[in-house]
Structure formats: structure tokens, C-alpha cells
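Here the structure comes first, spelled out in C-alpha cells, and everything after it is commentary.
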Amino acid sequence: MAEILKVDKSILEYALEYSARLILSGKVIAFPTDTFYGLGADPFNLAAITEIFRVKGRSADRPIPLLVDSLDQAADLVANPPQLFFTLAKKFWPGPLTLVVPASRQIPLKVTANTGRVGVRWPRSPLAEALITAVGRPLTGTSANLSEHPACSTAAQVEEQVGDSLPLILDGGSTAGGNPSTVVQLQGDRARILRFGSITESELKEYLS
């Protein structure tokens, strides 16, 4: 059963240090983002990636998105990022836009489900950003729920679905819920929406091919 750690200012530093230590040792934890709760792990640790698939009951042919805390950190994950990547990132990040781009060689193929492409997002969440900074590298950002089940907007919902498989759930209160991030795939300077979400098609219209 997962430990549920309610995060407030009085324990924020401890919570971040504790969480970072777990993640860097190969564990998977749950934490709140600006949309739903996510599963945070070291994307460069293959055992941790395998554990995410186990926790979610997710097939290995579905890639795992990554969360970052800066545009520079995101750019390091992309092979030859096109100008459109920077244009969209500067306009919509931090926020609920996931950009699917060719993955740099540092990202394990398992994260991309052998597609060579990765979804990257900078969440508008102070706690998520602080956690990424504490770990010192991008984090996995797949939703903290069983595959094909509803995404979770509270720590209690996470505990109900996957609590038996996690060492820690960071309880940062309820997330916005509602729509997930909008997913846009970039191919050079062309873009297309793969999943509709919080950022609307009209907001992206001028950038779509």
C-alpha cells in the first residue's frame, strides 16, 4: 500500500527530497500535475519504465510521455527540433500541450515504444516543476491510473486504482481534471492533432498542416 504524503509548505523540501530519492533509486511514484495525477519515474532507467507498464497494466506498444521544467531541458530530448517546436513551446508552455517529436538518442527506445518519437510537455504545476528540478532530469508523465480506466484528479483516486503498486503518492490536492493535454505531432514544420484536449483546435489552427 502506498504511503500518501500530503504536501504543504511546511514539508515541501522534505517531500521533494524523499520523492527524488525514490525516483533516482528506480521507483515509481504518483504526483499531481496541472491536468491529472501522473506516474513519475526516471525515464533513463529501463527497470523503472518496465515498472510503469506493470503498474498501469499497459501494453509495451504505447509510448510514455515525458515532463520537463524548461524549454532547454525539452530541447535536449528532441532530435533536431524544428522551429515549430520552439514556436509552440514558447506560446503554450508551461501548459497542457504535449508535443510529439523525434526522440534524441539519449531516450531509451522502450520509452518511445520503439517508435523513435516522444511526447514532451512542460506542466503548469509548481509542485510538478519542483519535483522535476529536485530529480534533476525529466520525469515520466503518463497518467496515474490503470490502463483504460479514468484518469485520477485526487490522491484518493490514485490510491484506489494503483495504490497497491506504488511506494508513494504525493497528495497535492485536487488537480484541474477535465480535459487532458492536447497532443500535437510535429513532422518538420508541419503539425497535426493526435488527441484533442485542453488547448483547442482553434487556438492551434494557424500552426496545423
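Ligands are numbered from 1 in the order shown, residues from 1 within each chain, and chains are lettered A, B, ... in the order they appear in the C-alpha cells.
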message = as a PyMOL selection string, please: every residue in chain A that a backbone DSSP assignment puts in helix (DSSP H, G or I).
response = chain A and resi 9-24+46-56+71-75+83-92+126-135+155-165+201-207
query = Can you list, as a list in words, every residue of region 29-86 of chain A that DSSP puts in strand (DSSP E)?
reply =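 Of region 29-86 of chain A, only Ile29, Ala30, Phe31, Pro32, Tyr37, Gly38, Leu39, Gly40, Leu66 and Leu67 of chain A fall in strand (DSSP E).
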Let me see the file: selected residues, N, CA and C atoms, as a tab-separated table (two decimals), in the first residue's frame.
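After the write, part36.tsv holds the following:
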chain	number	residue	atom	x	y	z
A	29	ILE	N	6.55	6.79	-8.48
A	29	ILE	CA	5.65	7.43	-7.53
A	29	ILE	C	4.55	8.16	-8.30
A	30	ALA	N	3.50	8.55	-7.59
A	30	ALA	CA	2.43	9.35	-8.19
A	30	ALA	C	2.51	10.78	-7.67
A	31	PHE	N	2.21	11.74	-8.54
A	31	PHE	CA	2.28	13.15	-8.15
A	31	PHE	C	1.29	13.95	-9.00
A	32	PRO	N	0.83	15.10	-8.50
A	32	PRO	CA	-0.14	15.88	-9.25
A	32	PRO	C	0.51	16.76	-10.32
A	37	TYR	N	-3.23	13.41	-12.02
A	37	TYR	CA	-2.06	12.83	-11.35
A	37	TYR	C	-1.29	11.98	-12.35
A	38	GLY	N	0.04	12.01	-12.23
A	38	GLY	CA	0.89	11.25	-13.12
A	38	GLY	C	1.77	10.27	-12.37
A	39	LEU	N	2.36	9.35	-13.13
A	39	LEU	CA	3.34	8.41	-12.57
A	39	LEU	C	4.73	8.93	-12.90
A	40	GLY	N	5.50	9.26	-11.87
A	40	GLY	CA	6.82	9.82	-12.05
A	40	GLY	C	7.91	8.80	-11.85
A	66	LEU	N	6.96	12.45	-21.51
A	66	LEU	CA	7.91	12.98	-20.54
A	66	LEU	C	7.54	14.40	-20.16
A	67	LEU	N	7.82	14.75	-18.92
A	67	LEU	CA	7.58	16.10	-18.41
A	67	LEU	C	8.91	16.79	-18.12
task = Can you work out which one of A:Cys152, A:Leu146, A:Leu88, A:Leu77 has the shortest atom-to-atom distance to Gly116 (chain A), counting only C-alpha atoms?
result = A:Leu77
Counting only C-alpha atoms, give me one row per residue of region 74-117 of chain A with an atom at most 10 Å from an atom of region 191-209 of chain A, showing the shortest contact pair and its distance in Å to one decimal, sorted by chain then residue number, as a tab-separated table.
residue	atom	partner	partner_atom	distance
A:Leu84	CA	A:Tyr207	CA	8.0
A:Phe85	CA	A:Ala191	CA	9.4
A:Thr87	CA	A:Tyr207	CA	9.3
A:Leu88	CA	A:Tyr207	CA	8.3
A:Phe92	CA	A:Ile199	CA	8.5
A:Gly95	CA	A:Ile199	CA	8.7
A:Pro96	CA	A:Ser198	CA	6.2
A:Leu97	CA	A:Ile199	CA	6.8
A:Thr98	CA	A:Arg195	CA	9.4
A:Leu99	CA	A:Ala191	CA	9.3
A:Val100	CA	A:Leu194	CA	9.0
I need the chosen residues saved as a JSON list (two decimals), in the first residue's frame, with N, CA and C atoms.
[["chain", "number", "residue", "atom", "x", "y", "z"],
["A", 84, "LEU", "N", 9.12, 25.02, -35.46],
["A", 84, "LEU", "CA", 7.75, 24.98, -34.98],
["A", 84, "LEU", "C", 7.69, 24.46, -33.54],
["A", 85, "PHE", "N", 8.61, 23.59, -33.17],
["A", 85, "PHE", "CA", 8.68, 23.10, -31.78],
["A", 85, "PHE", "C", 8.87, 24.27, -30.82],
["A", 87, "THR", "N", 8.32, 27.46, -31.45],
["A", 87, "THR", "CA", 7.20, 28.40, -31.57],
["A", 87, "THR", "C", 6.04, 27.96, -30.68],
["A", 88, "LEU", "N", 5.66, 26.69, -30.77],
["A", 88, "LEU", "CA", 4.53, 26.18, -29.98],
["A", 88, "LEU", "C", 4.87, 26.12, -28.50],
["A", 92, "PHE", "N", 2.64, 28.04, -25.69],
["A", 92, "PHE", "CA", 1.70, 27.27, -24.87],
["A", 92, "PHE", "C", 2.30, 26.65, -23.60],
["A", 95, "GLY", "N", 2.00, 24.48, -19.80],
["A", 95, "GLY", "CA", 0.58, 24.31, -20.06],
["A", 95, "GLY", "C", 0.26, 22.95, -20.63],
["A", 96, "PRO", "N", -1.02, 22.73, -20.95],
["A", 96, "PRO", "CA", -1.50, 21.40, -21.34],
["A", 96, "PRO", "C", -1.34, 21.08, -22.83],
["A", 97, "LEU", "N", -0.13, 21.23, -23.34],
["A", 97, "LEU", "CA", 0.18, 20.86, -24.72],
["A", 97, "LEU", "C", 1.34, 19.88, -24.72],
["A", 98, "THR", "N", 1.10, 18.68, -25.25],
["A", 98, "THR", "CA", 2.15, 17.68, -25.41],
["A", 98, "THR", "C", 2.60, 17.69, -26.87],
["A", 99, "LEU", "N", 3.88, 17.86, -27.09],
["A", 99, "LEU", "CA", 4.45, 17.87, -28.44],
["A", 99, "LEU", "C", 5.14, 16.54, -28.70],
["A", 100, "VAL", "N", 4.69, 15.85, -29.73],
["A", 100, "VAL", "CA", 5.28, 14.56, -30.11],
["A", 100, "VAL", "C", 6.32, 14.82, -31.19]]
ask   = So which one's closest to Trp93 (chain A), A:Val120, A:Ala20, A:Val78, A:Leu168? Using only C-alpha atoms, please.
value =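 The shortest atom-to-atom distance to Trp93 (chain A) comes from A:Val120.
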request  = May I ask for the distance between CA of Val55 (chain A) and CA of Ala155 (chain A), given in Å to one decimal place?
outcome  = 15.7 Å
Top pick for closest residue to Gly119 (chain A), considering A:Ala48, A:Ala144, A:Val184, A:Val28 and counting only C-alpha atoms =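 Looking only at the distances to Gly119 (chain A), the closest residue turns out to be A:Val184.
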key: Who sits within 6 Å of Phe36 (chain A), only C-alpha atoms, same chain under 6 positions skipped, as a list in words   =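 That gives Cys152, Ser153, Thr175 and Gly177 of chain A.
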key: A:Asp34, A:Glu17, A:Asp69, A:Asp8 ranked by distance to Thr154 (chain A), top pick (using only C-alpha atoms)   = A:Asp34
